[in-house]
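With mmCIF, C-alpha atoms and all ligand atoms inside, this is model24.cif:
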```cif
data_my_file
#
loop_
_atom_site.label_atom_id
_atom_site.label_comp_id
_atom_site.auth_asym_id
_atom_site.auth_seq_id
_atom_site.Cartn_x
_atom_site.Cartn_y
_atom_site.Cartn_z
CA ASP I 1 112.03 117.00 118.60
CA LEU I 2 110.51 114.37 116.36
CA THR I 3 109.86 116.58 113.33
CA LYS I 4 112.72 114.84 111.51
CA MET I 5 110.61 111.68 111.73
CA THR I 6 108.75 112.52 108.54
CA ASN I 7 107.08 109.20 107.77
CA ILE I 8 106.13 105.90 109.38
CA GLU I 9 109.17 104.19 107.86
CA ASP I 10 111.47 106.52 109.87
CA LEU I 11 109.73 105.39 113.07
CA ARG I 12 109.96 101.74 112.05
CA VAL I 13 113.73 102.01 111.65
CA VAL I 14 114.18 103.52 115.13
CA CYS I 15 111.77 100.98 116.62
CA LYS I 16 113.81 98.14 115.14
CA ARG I 17 116.96 99.59 116.67
CA ASN I 18 115.41 100.02 120.15
CA VAL I 19 113.30 96.95 120.72
CA PRO I 20 114.57 93.40 121.37
CA LYS I 21 114.56 91.38 118.17
CA MET I 22 111.88 88.87 119.18
CA PHE I 23 109.32 91.59 120.00
CA TYR I 24 110.14 93.78 117.03
CA GLU I 25 109.87 90.80 114.69
CA TYR I 26 106.63 89.65 116.33
CA VAL I 27 105.07 92.89 115.09
CA ASP I 28 106.91 93.18 111.81
CA THR I 29 105.93 89.86 110.29
CA GLY I 30 103.24 88.05 108.37
CA SER I 31 102.40 84.36 108.30
CA TRP I 32 103.96 81.65 106.11
CA THR I 33 105.08 83.10 102.74
CA GLN I 34 103.91 86.58 103.80
CA SER I 35 102.17 87.07 100.47
CA THR I 36 99.03 88.53 102.07
CA TYR I 37 101.17 90.67 104.38
CA ARG I 38 102.90 92.17 101.32
CA GLU I 39 99.78 92.53 99.14
CA ASN I 40 97.99 94.41 101.92
CA VAL I 41 100.36 97.23 101.02
CA SER I 42 101.17 96.66 97.34
CA ASP I 43 97.48 96.49 96.33
CA PHE I 44 97.16 100.18 97.15
CA SER I 45 99.71 101.26 94.52
CA PRO I 46 97.54 100.82 91.42
CA ILE I 47 94.78 102.97 93.01
CA LYS I 48 95.29 106.56 91.85
CA PHE I 49 93.89 109.92 92.94
CA LYS I 50 92.61 112.65 90.65
CA GLN I 51 94.20 116.02 91.33
CA LYS I 52 91.76 118.95 91.50
CA ILE I 53 93.05 122.51 91.42
CA LEU I 54 91.86 126.04 92.20
CA VAL I 55 89.08 125.18 94.59
CA ASP I 56 88.89 126.60 98.11
CA MET I 57 90.77 124.18 100.38
CA ASP I 58 90.80 126.35 103.49
CA ASN I 59 89.44 125.18 106.87
CA ARG I 60 89.54 121.47 106.33
CA THR I 61 88.18 118.79 108.64
CA LEU I 62 88.60 115.03 108.86
CA GLU I 63 86.23 114.80 111.80
CA THR I 64 83.71 112.01 111.85
CA THR I 65 82.08 109.58 114.28
CA LEU I 66 82.79 105.94 115.12
CA LEU I 67 79.89 104.22 116.88
CA GLY I 68 78.51 107.66 117.62
CA GLN I 69 81.76 108.86 119.20
CA LYS I 70 83.22 112.04 117.70
CA VAL I 71 86.81 111.49 116.45
CA LYS I 72 89.47 113.79 115.01
CA PHE I 73 89.92 111.57 111.97
CA PRO I 74 88.46 108.21 110.93
CA ALA I 75 90.97 106.09 112.80
CA MET I 76 91.41 103.98 115.92
CA THR I 77 94.34 102.02 117.31
CA ALA I 78 94.34 98.25 117.01
CA PRO I 79 94.48 95.67 119.80
CA VAL I 80 98.08 94.53 119.42
CA GLY I 81 99.30 91.59 121.53
CA PHE I 82 102.57 92.06 123.45
CA MET I 83 102.24 95.86 123.04
CA GLY I 84 103.70 96.36 126.49
CA MET I 85 106.90 94.64 125.38
CA MET I 86 107.64 97.35 122.82
CA TRP I 87 108.00 99.92 125.59
CA ALA I 88 107.43 99.47 129.32
CA ASP I 89 103.70 100.00 130.01
CA GLY I 90 103.22 100.33 126.26
CA GLU I 91 99.44 99.97 126.36
CA ILE I 92 99.12 102.88 128.77
CA HIS I 93 101.32 105.10 126.58
CA MET I 94 99.46 104.08 123.42
CA ALA I 95 96.06 104.68 125.04
CA LYS I 96 96.99 108.10 126.36
CA ALA I 97 98.46 109.21 123.03
CA ALA I 98 95.47 107.95 121.02
CA GLN I 99 92.92 109.51 123.35
CA LYS I 100 94.74 112.86 123.53
CA PHE I 101 94.88 112.84 119.74
CA GLY I 102 91.14 112.23 119.63
CA ILE I 103 90.73 108.64 118.50
CA PRO I 104 89.74 105.42 120.32
CA PHE I 105 92.24 102.95 121.75
CA THR I 106 91.59 99.19 121.86
CA LEU I 107 93.15 96.98 124.51
CA SER I 108 93.97 93.40 123.46
CA THR I 109 93.15 90.38 125.63
CA MET I 110 96.81 89.49 124.96
CA SER I 111 98.15 92.79 126.27
CA ILE I 112 100.83 93.09 128.92
CA CYS I 113 99.02 95.76 130.99
CA SER I 114 95.63 94.61 132.18
CA ILE I 115 92.23 96.26 131.94
CA GLU I 116 92.66 97.27 135.59
CA ASP I 117 96.19 98.66 135.01
CA LEU I 118 94.75 101.05 132.43
CA VAL I 119 91.96 102.17 134.73
CA GLU I 120 94.47 102.72 137.53
CA ALA I 121 96.65 104.79 135.18
CA GLY I 122 93.71 107.11 134.55
CA VAL I 123 93.11 106.13 130.92
CA GLU I 124 89.66 107.25 129.73
CA PRO I 125 87.09 104.58 128.78
CA PHE I 126 88.61 102.46 126.04
CA TRP I 127 87.53 99.58 123.80
CA PHE I 128 88.31 96.02 124.80
CA GLN I 129 89.20 93.24 122.36
CA LEU I 130 88.13 89.73 123.27
CA TYR I 131 89.77 86.45 122.38
CA VAL I 132 87.59 83.49 123.21
CA MET I 133 89.45 80.82 125.12
CA ARG I 134 88.32 77.28 125.89
CA ASP I 135 87.49 78.28 129.45
CA ARG I 136 84.18 80.04 128.88
CA GLU I 137 83.88 81.08 132.51
CA PHE I 138 87.10 82.99 131.96
CA MET I 139 85.57 84.67 128.89
CA LYS I 140 82.60 85.73 130.98
CA ASP I 141 84.95 87.08 133.58
CA LEU I 142 86.84 89.14 131.00
CA ILE I 143 83.53 90.61 129.79
CA ARG I 144 82.57 91.40 133.37
CA ARG I 145 85.93 93.12 133.96
CA ALA I 146 85.59 95.14 130.75
CA LYS I 147 82.12 96.27 131.85
CA GLU I 148 83.39 97.19 135.28
CA ALA I 149 86.12 99.30 133.64
CA LYS I 150 83.37 101.04 131.62
CA CYS I 151 84.88 99.98 128.30
CA SER I 152 82.70 101.58 125.66
CA ALA I 153 82.78 98.82 123.00
CA LEU I 154 83.71 95.17 122.76
CA MET I 155 85.71 94.03 119.74
CA VAL I 156 85.59 90.30 119.13
CA THR I 157 88.37 88.95 116.92
CA VAL I 158 86.92 86.16 114.80
CA ASP I 159 89.93 85.05 112.73
CA LEU I 160 92.36 83.71 115.32
CA GLN I 161 90.97 80.55 116.82
CA VAL I 162 93.87 78.78 115.16
CA LEU I 163 97.21 80.51 114.68
CA GLY I 164 98.90 81.33 111.36
CA ASN I 165 102.48 80.12 111.31
CA ARG I 166 104.91 83.00 111.81
CA HIS I 167 108.35 81.58 111.15
CA ARG I 168 110.24 84.28 112.98
CA ASP I 169 108.35 83.82 116.25
CA ILE I 170 109.21 80.14 116.24
CA LYS I 171 112.86 80.74 115.38
CA ASN I 172 113.12 83.53 117.97
CA GLY I 173 111.46 81.43 120.69
CA LEU I 174 109.08 84.32 121.40
CA SER I 175 108.15 84.48 125.07
CA THR I 176 107.51 87.06 127.70
CA PRO I 177 109.60 87.75 129.65
CA PRO I 178 112.36 86.68 127.25
CA LYS I 179 114.15 83.49 128.27
CA PHE I 180 117.75 83.58 129.47
CA THR I 181 119.31 82.06 126.36
CA ILE I 182 122.67 83.16 124.95
CA PRO I 183 121.24 84.72 121.72
CA ASN I 184 118.60 86.59 123.79
CA MET I 185 121.19 87.89 126.23
CA ILE I 186 123.47 89.06 123.41
CA ASN I 187 120.56 90.87 121.76
CA LEU I 188 119.28 92.37 125.03
CA SER I 189 122.73 93.71 125.82
CA THR I 190 122.30 96.04 122.82
CA LYS I 191 118.93 97.30 124.10
CA ILE I 192 119.94 98.83 127.43
CA PRO I 193 117.51 101.82 127.49
CA TRP I 194 114.66 99.41 126.74
CA GLY I 195 115.71 97.17 129.63
CA LEU I 196 116.23 100.05 132.07
CA ARG I 197 112.69 101.25 131.49
CA TYR I 198 111.46 97.86 132.65
CA ILE I 199 113.83 97.54 135.57
CA PHE I 200 113.39 101.05 136.99
CA GLY I 201 109.95 101.87 135.62
CA SER I 202 107.37 99.22 135.13
CA ARG I 203 107.76 95.63 136.28
CA ARG I 204 104.97 94.47 134.01
CA TRP I 205 106.47 91.65 131.96
CA THR I 206 103.71 89.29 131.05
CA PHE I 207 100.06 89.02 129.96
CA ARG I 208 98.27 90.50 132.94
CA ASN I 209 94.70 90.16 131.62
CA ILE I 210 94.96 86.41 131.62
CA ALA I 211 97.36 85.83 134.49
CA GLY I 212 95.89 83.33 136.89
CA HIS I 213 93.50 81.97 134.27
CA ALA I 214 95.26 80.69 131.18
CA LYS I 215 97.72 77.98 132.17
CA ASN I 216 101.47 78.59 131.99
CA VAL I 217 101.20 82.16 130.76
CA SER I 218 104.76 82.84 131.80
CA ASP I 219 105.96 79.65 130.19
CA LEU I 220 104.92 80.45 126.68
CA SER I 221 107.60 78.19 125.26
CA SER I 222 105.86 77.85 121.90
CA LEU I 223 103.32 80.41 120.81
CA SER I 224 101.52 77.99 118.49
CA SER I 225 101.14 75.14 120.97
CA TRP I 226 100.16 77.54 123.74
CA THR I 227 97.49 79.12 121.52
CA LYS I 228 96.27 75.64 120.50
CA GLU I 229 95.88 74.73 124.12
CA GLN I 230 94.10 77.93 125.19
CA PHE I 231 92.06 79.36 122.26
CA ASP I 232 88.73 77.73 121.45
CA PRO I 233 88.63 76.58 117.82
CA SER I 234 84.94 75.69 118.17
CA LEU I 235 83.93 79.38 118.35
CA SER I 236 80.85 79.90 116.14
CA TRP I 237 78.08 82.37 115.34
CA LYS I 238 75.92 81.14 118.22
CA ASP I 239 78.71 82.19 120.60
CA ILE I 240 78.58 85.68 119.08
CA ALA I 241 74.91 85.88 120.03
CA GLU I 242 75.79 84.85 123.58
CA ILE I 243 78.67 87.32 123.82
CA LYS I 244 76.47 90.13 122.53
CA GLU I 245 73.89 89.38 125.15
CA LEU I 246 76.41 89.13 127.97
CA TRP I 247 78.08 92.35 126.91
CA GLY I 248 74.93 94.38 126.30
CA GLY I 249 76.78 97.25 124.58
CA PRO I 250 78.20 98.00 121.12
CA ILE I 251 79.93 95.04 119.55
CA ILE I 252 82.50 95.04 116.75
CA LEU I 253 83.51 91.93 114.79
CA LYS I 254 87.10 92.01 113.52
CA GLY I 255 88.30 89.70 110.78
CA ILE I 256 85.53 89.74 108.14
CA MET I 257 86.74 89.12 104.58
CA THR I 258 83.64 88.15 102.55
CA PRO I 259 80.20 89.70 101.94
CA GLU I 260 78.55 86.49 103.15
CA ASP I 261 80.25 86.70 106.54
CA ALA I 262 79.50 90.41 106.68
CA GLN I 263 75.79 89.69 106.13
CA GLU I 264 75.91 87.08 108.88
CA ALA I 265 77.58 89.61 111.18
CA VAL I 266 74.74 92.06 110.55
CA LYS I 267 72.22 89.31 111.32
CA TYR I 268 73.94 88.73 114.65
CA GLY I 269 73.73 92.43 115.48
CA ALA I 270 77.29 93.65 114.90
CA ASP I 271 77.37 97.43 115.37
CA ALA I 272 80.54 97.58 113.28
CA ILE I 273 82.65 95.11 111.34
CA ILE I 274 86.33 95.29 110.47
CA VAL I 275 87.44 94.08 107.08
CA SER I 276 90.70 92.50 108.14
CA ASN I 277 93.07 89.66 107.39
CA HIS I 278 94.83 90.33 110.70
CA GLY I 279 97.63 92.30 109.05
CA GLY I 280 98.56 89.27 106.93
CA ARG I 281 99.39 87.36 110.12
CA GLN I 282 96.73 84.68 109.87
CA MET I 283 95.52 83.13 106.61
CA ASP I 284 98.23 83.47 103.98
CA ASP I 285 97.42 83.70 100.25
CA THR I 286 94.08 85.36 100.91
CA ILE I 287 93.27 88.70 99.27
CA SER I 288 94.28 92.03 100.71
CA SER I 289 91.79 93.94 102.87
CA ILE I 290 91.49 96.75 100.32
CA LYS I 291 90.48 94.24 97.61
CA ALA I 292 87.90 92.69 99.96
CA LEU I 293 86.39 96.05 100.92
CA PRO I 294 84.15 97.02 97.94
CA ASP I 295 82.07 93.82 97.96
CA ILE I 296 81.55 94.08 101.71
CA VAL I 297 80.56 97.75 101.57
CA SER I 298 78.12 97.02 98.80
CA ALA I 299 76.61 94.10 100.77
CA VAL I 300 76.22 95.70 104.22
CA GLY I 301 77.46 99.30 104.11
CA SER I 302 74.01 100.71 104.78
CA GLN I 303 73.32 98.33 107.68
CA THR I 304 76.42 98.54 109.85
CA GLU I 305 79.62 100.56 110.11
CA VAL I 306 82.28 99.02 107.86
CA TRP I 307 85.85 99.63 108.98
CA ILE I 308 89.12 98.22 107.71
CA ASP I 309 92.65 97.36 108.84
CA SER I 310 95.80 95.66 107.49
CA GLY I 311 98.48 97.48 105.56
CA PHE I 312 97.91 101.13 106.51
CA TYR I 313 101.19 103.05 106.75
CA THR I 314 100.20 106.23 104.93
CA GLY I 315 97.37 108.74 105.08
CA GLN I 316 97.08 108.46 101.29
CA ASN I 317 96.06 104.82 101.63
CA MET I 318 93.71 105.68 104.49
CA LEU I 319 91.99 108.18 102.19
CA LYS I 320 91.72 105.55 99.44
CA ALA I 321 89.98 103.20 101.88
CA TRP I 322 87.62 105.96 103.00
CA ALA I 323 86.85 106.78 99.36
CA LEU I 324 85.97 103.12 98.81
CA GLY I 325 83.51 103.16 101.69
CA ALA I 326 85.45 102.36 104.89
CA LYS I 327 84.14 104.60 107.68
CA GLY I 328 87.08 103.87 109.98
CA ILE I 329 90.67 102.71 109.56
CA MET I 330 92.28 100.70 112.32
CA LEU I 331 95.99 101.31 112.82
CA GLY I 332 98.22 98.56 114.18
CA ARG I 333 101.87 98.49 113.22
CA ALA I 334 102.14 102.20 112.33
CA PRO I 335 101.53 103.58 115.86
CA VAL I 336 103.33 100.58 117.39
CA TYR I 337 106.50 101.58 115.50
CA GLY I 338 106.09 105.02 117.05
CA LEU I 339 105.68 103.43 120.48
CA GLY I 340 108.79 101.26 120.17
CA ALA I 341 110.76 104.23 118.88
CA TYR I 342 109.81 107.00 121.33
CA GLY I 343 107.02 105.84 123.67
CA GLU I 344 103.92 108.02 123.94
CA GLU I 345 105.52 110.85 121.95
CA GLY I 346 106.30 108.43 119.14
CA VAL I 347 102.68 107.32 118.96
CA THR I 348 101.56 110.94 118.77
CA ARG I 349 104.08 111.53 116.00
CA ALA I 350 102.83 108.50 114.03
CA LEU I 351 99.22 109.68 114.31
CA GLN I 352 100.16 113.22 113.31
CA ILE I 353 102.05 111.96 110.24
CA LEU I 354 99.05 109.90 109.11
CA TYR I 355 96.62 112.71 109.87
CA ASP I 356 98.66 115.26 107.89
CA GLU I 357 99.08 112.91 104.94
CA MET I 358 95.35 112.18 104.84
CA ASP I 359 94.41 115.83 105.23
CA THR I 360 96.81 117.14 102.59
CA THR I 361 95.84 114.45 100.10
CA MET I 362 92.18 115.35 100.66
CA ALA I 363 93.09 118.97 99.86
CA PHE I 364 94.89 117.91 96.67
CA SER I 365 91.76 116.11 95.63
CA GLY I 366 89.79 119.31 96.06
CA HIS I 367 87.89 118.67 99.29
CA ARG I 368 87.65 120.39 102.65
CA ASN I 369 85.41 117.97 104.48
CA ILE I 370 85.98 114.23 104.66
CA GLN I 371 82.21 113.70 104.62
CA ASP I 372 82.16 114.90 101.00
CA VAL I 373 84.86 112.46 99.91
CA ASP I 374 83.80 109.39 97.95
CA LYS I 375 85.22 107.33 95.13
CA SER I 376 84.91 110.21 92.69
CA ILE I 377 88.34 111.33 93.99
CA LEU I 378 89.86 108.17 92.47
CA VAL I 379 90.73 107.59 88.82
CA GLU I 380 88.15 105.24 87.29
CA GLY I 381 89.58 101.87 86.38
CA THR I 382 92.34 102.03 89.01
CA TYR I 383 90.36 100.85 92.03
CA PRO I 384 88.63 97.54 92.86
CA LEU I 385 84.87 97.51 92.22
CA PRO I 386 82.24 95.29 93.82
CA THR I 387 82.17 92.03 91.90
CA ARG I 388 78.52 91.35 92.65
CA LYS I 389 75.25 93.19 93.18
C1 LIG V 401 100.16 84.31 122.66
C2 LIG V 401 99.50 85.28 121.77
O1 LIG V 401 96.64 89.44 117.55
C3 LIG V 401 98.63 88.37 116.84
C4 LIG V 401 97.74 88.71 118.00
C5 LIG V 401 97.29 87.57 118.78
C6 LIG V 401 98.28 86.66 119.34
C7 LIG V 401 97.68 85.56 120.14
C8 LIG V 401 98.68 84.64 120.72
O2 LIG V 401 99.76 87.97 117.08
O3 LIG V 401 98.28 88.54 115.70
#
```

Spit out the file's structure as structure tokens when you get a sec.
Amino acid sequence: DLTKMTNIEDLRVVCKRNVPKMFYEYVDTGSWTQSTYRENVSDFSPIKFKQKILVDMDNRTLETTLLGQKVKFPAMTAPVGFMGMMWADGEIHMAKAAQKFGIPFTLSTMSICSIEDLVEAGVEPFWFQLYVMRDREFMKDLIRRAKEAKCSALMVTVDLQVLGNRHRDIKNGLSTPPKFTIPNMINLSTKIPWGLRYIFGSRRWTFRNIAGHAKNVSDLSSLSSWTKEQFDPSLSWKDIAEIKELWGGPIILKGIMTPEDAQEAVKYGADAIIVSNHGGRQMDDTISSIKALPDIVSAVGSQTEVWIDSGFYTGQNMLKAWALGAKGIMLGRAPVYGLGAYGEEGVTRALQILYDEMDTTMAFSGHRNIQDVDKSILVEGTYPLPTRK
């Protein structure tokens, strides 16, 4: 019974207790000083709702569409690397929970379970996230595999061709499977249920999408040098055109932080863009996603679907983003805490918490249908406005 898990923070605490330190800290970190990581959350606080009373709030709905797909609320789960190290077969559990709840799931290139593992586990068509590596034939092969699996959208991450420095990953010697060092063994000895699930359940320990392609996947002795070796820093807009053509289906660009880049994305045919600073894990000392949103919505909101991620741990903040023009909110750490805490059930609990918070806050603001919600639910002067026409 997870009803005592009343907020995302409760799930985070259990996740921290259950999951080996290096994997928990991989998720729960930002880059360098972590200022962007923190401001992604703190920049929501000044934004205030107006309370509206004595209006009919019965029969509410948060239903909407994302790329034409009907969803229970304007959310999707993010492509999180190493997800399958939070819980054995984590990507399969996350996908099943998200899809049963009624929102899309996105599989990361850097996932533990592969595209084919998900198909074999009977997961419905999902979205695939692409990292572009130096070996372009490999990229083409990933796109081919995603097509074969009938993935319904391709999400290209455009802000990670070089890696932000995450101190904890370096100090922890992040690798998968974990190396047999004394500190790792001491920590793993306190995570027995986690280990048993791997030993007696799944034997999937390492990045199976890229196994056999990217060199030394199992010897990921330093995340930053490995990424430097594999990821292609020369990725540019002309590659986006090529990827779009190869893919031939809906394409989402994740990692847009300025109106100029958003306009470029529209020019290159992005069906949706995600305002994102990668959860504060990449460029440090850049603005929060919520501060970047209004200018981007005003620049391209009528030409493409504008979504957002980074810093969403409450339904209240999801509703603020919707009110400011985001048509979808991508959830990364919040459902991952649920996964690390209780597997599939934990993900469902995380989504239910966020759904209920968003729904109830919408009711407090006097609305029954999310489609009627706009920035009029927010107190003037408390939210960021577009800075240019
Ligand atoms: C070896 C993995 O989205 C993150 C992920 C991508 C990690 C790529 C490197 O950590 O933010």

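Each residue with an atom within 8 Å of any atom of ligand LIG 401 (chain V) appears in the list, which was built counting all atoms listed in the file: Tyr26, Val27, Pro79, Val80, Gly81, Phe82, Ser108, Met110, Leu160, Leu163, Leu220, Leu223, Ser224, Trp226, Thr227, His278, Gly279, Arg281 and Gln282 of chain I.
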
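Across I:Val123, I:Ala363, I:Met5, I:Leu385, the tightest approach to Asn59 (chain I) is made by I:Ala363 when counting only C-alpha atoms.
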
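Going from CA of Arg17 (chain I) to CA of Gly201 (chain I) covers 20.3 Å.
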
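In this structure, CA of Phe312 (chain I) sits 28.6 Å away from CA of Pro233 (chain I).
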
| said: I'd like the contact shell of region 63-72 of chain I - 10 Å cut-off, all atoms listed in the file, skipping same-chain residues fewer than 6 positions apart - returned as a PyMOL selection string. | reply: chain I and resi 99+101-104+152-153+250-252+271-272+304-305+307+327-328+355+369-371

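Nearest residue to Thr33 (chain I), choosing from I:Thr109, I:Asp284, I:Glu344, I:Lys52 and counting only C-alpha atoms: I:Asp284.
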
| field | Distance of CA of Gly90 (chain I) from CA of Glu9 (chain I), expressed in Å to one decimal place | value | 19.7 Å

| request: Find the residues around Thr286 (chain I) up to 12 Å (all atoms listed in the file counted), leave out those fewer than 5 positions away in its own chain, and share them as a ChimeraX atom specification. | output: /I:31-40,257-258,276-281,291-292

Please dump the current selection as a compact mmCIF listing (two decimals), in the coordinates of the input; keep C-alpha atoms.
```txt
# COMPACT_ATOMS: atom_id res chain seq x y z
CA SER I 31 102.40 84.36 108.30
CA TRP I 32 103.96 81.65 106.11
CA THR I 33 105.08 83.10 102.74
CA GLN I 34 103.91 86.58 103.80
CA SER I 35 102.17 87.07 100.47
CA THR I 36 99.03 88.53 102.07
CA TYR I 37 101.17 90.67 104.38
CA ARG I 38 102.90 92.17 101.32
CA GLU I 39 99.78 92.53 99.14
CA ASN I 40 97.99 94.41 101.92
CA MET I 257 86.74 89.12 104.58
CA THR I 258 83.64 88.15 102.55
CA SER I 276 90.70 92.50 108.14
CA ASN I 277 93.07 89.66 107.39
CA HIS I 278 94.83 90.33 110.70
CA GLY I 279 97.63 92.30 109.05
CA GLY I 280 98.56 89.27 106.93
CA ARG I 281 99.39 87.36 110.12
CA LYS I 291 90.48 94.24 97.61
CA ALA I 292 87.90 92.69 99.96
```

| For Glu148 (chain I), which residue among I:Val119, I:Ile273, I:Met76, I:Leu62 is the nearest when counting all atoms listed in the file? | I:Val119

Box in all listed atoms of region 48-60 of chain I, axis-aligned, with 3 Å more on each side; write out centre and edge lengths in Å to one decimal as JSON.
```
{"center_x": 92.1, "center_y": 116.6, "center_z": 98.8, "size_x": 12.4, "size_y": 26.0, "size_z": 22.2}
```

| task | Please provide the set of residues having any atom within 12 Å of Ser175 (chain I), restricted to all atoms listed in the file, with same-chain residues fewer than 3 positions apart removed, written as a ChimeraX atom specification. | result | /I:20-23,26,81-82,85,112,169-172,178-181,184,205-207,216-224,226

| request: Pull the neighbourhood of (91.8, 119.7, 104.9) for me: all residues within 10 Å in file coordinates, counting only C-alpha atoms, as a ChimeraX atom specification. | output: /I:57-62,355-370

| note | From the list I:Val297, I:Ile192, I:Ala214, I:Val156, the nearest residue to Ile240 (chain I) using all atoms listed in the file is I:Val156

| Surrounding residues of Asp117 (chain I) excluding itself and chain neighbours under 3 positions, 10 Å, all atoms listed in the file, as a PyMOL selection string | chain I and resi 89+91-92+112-114+120-123+204+208-209
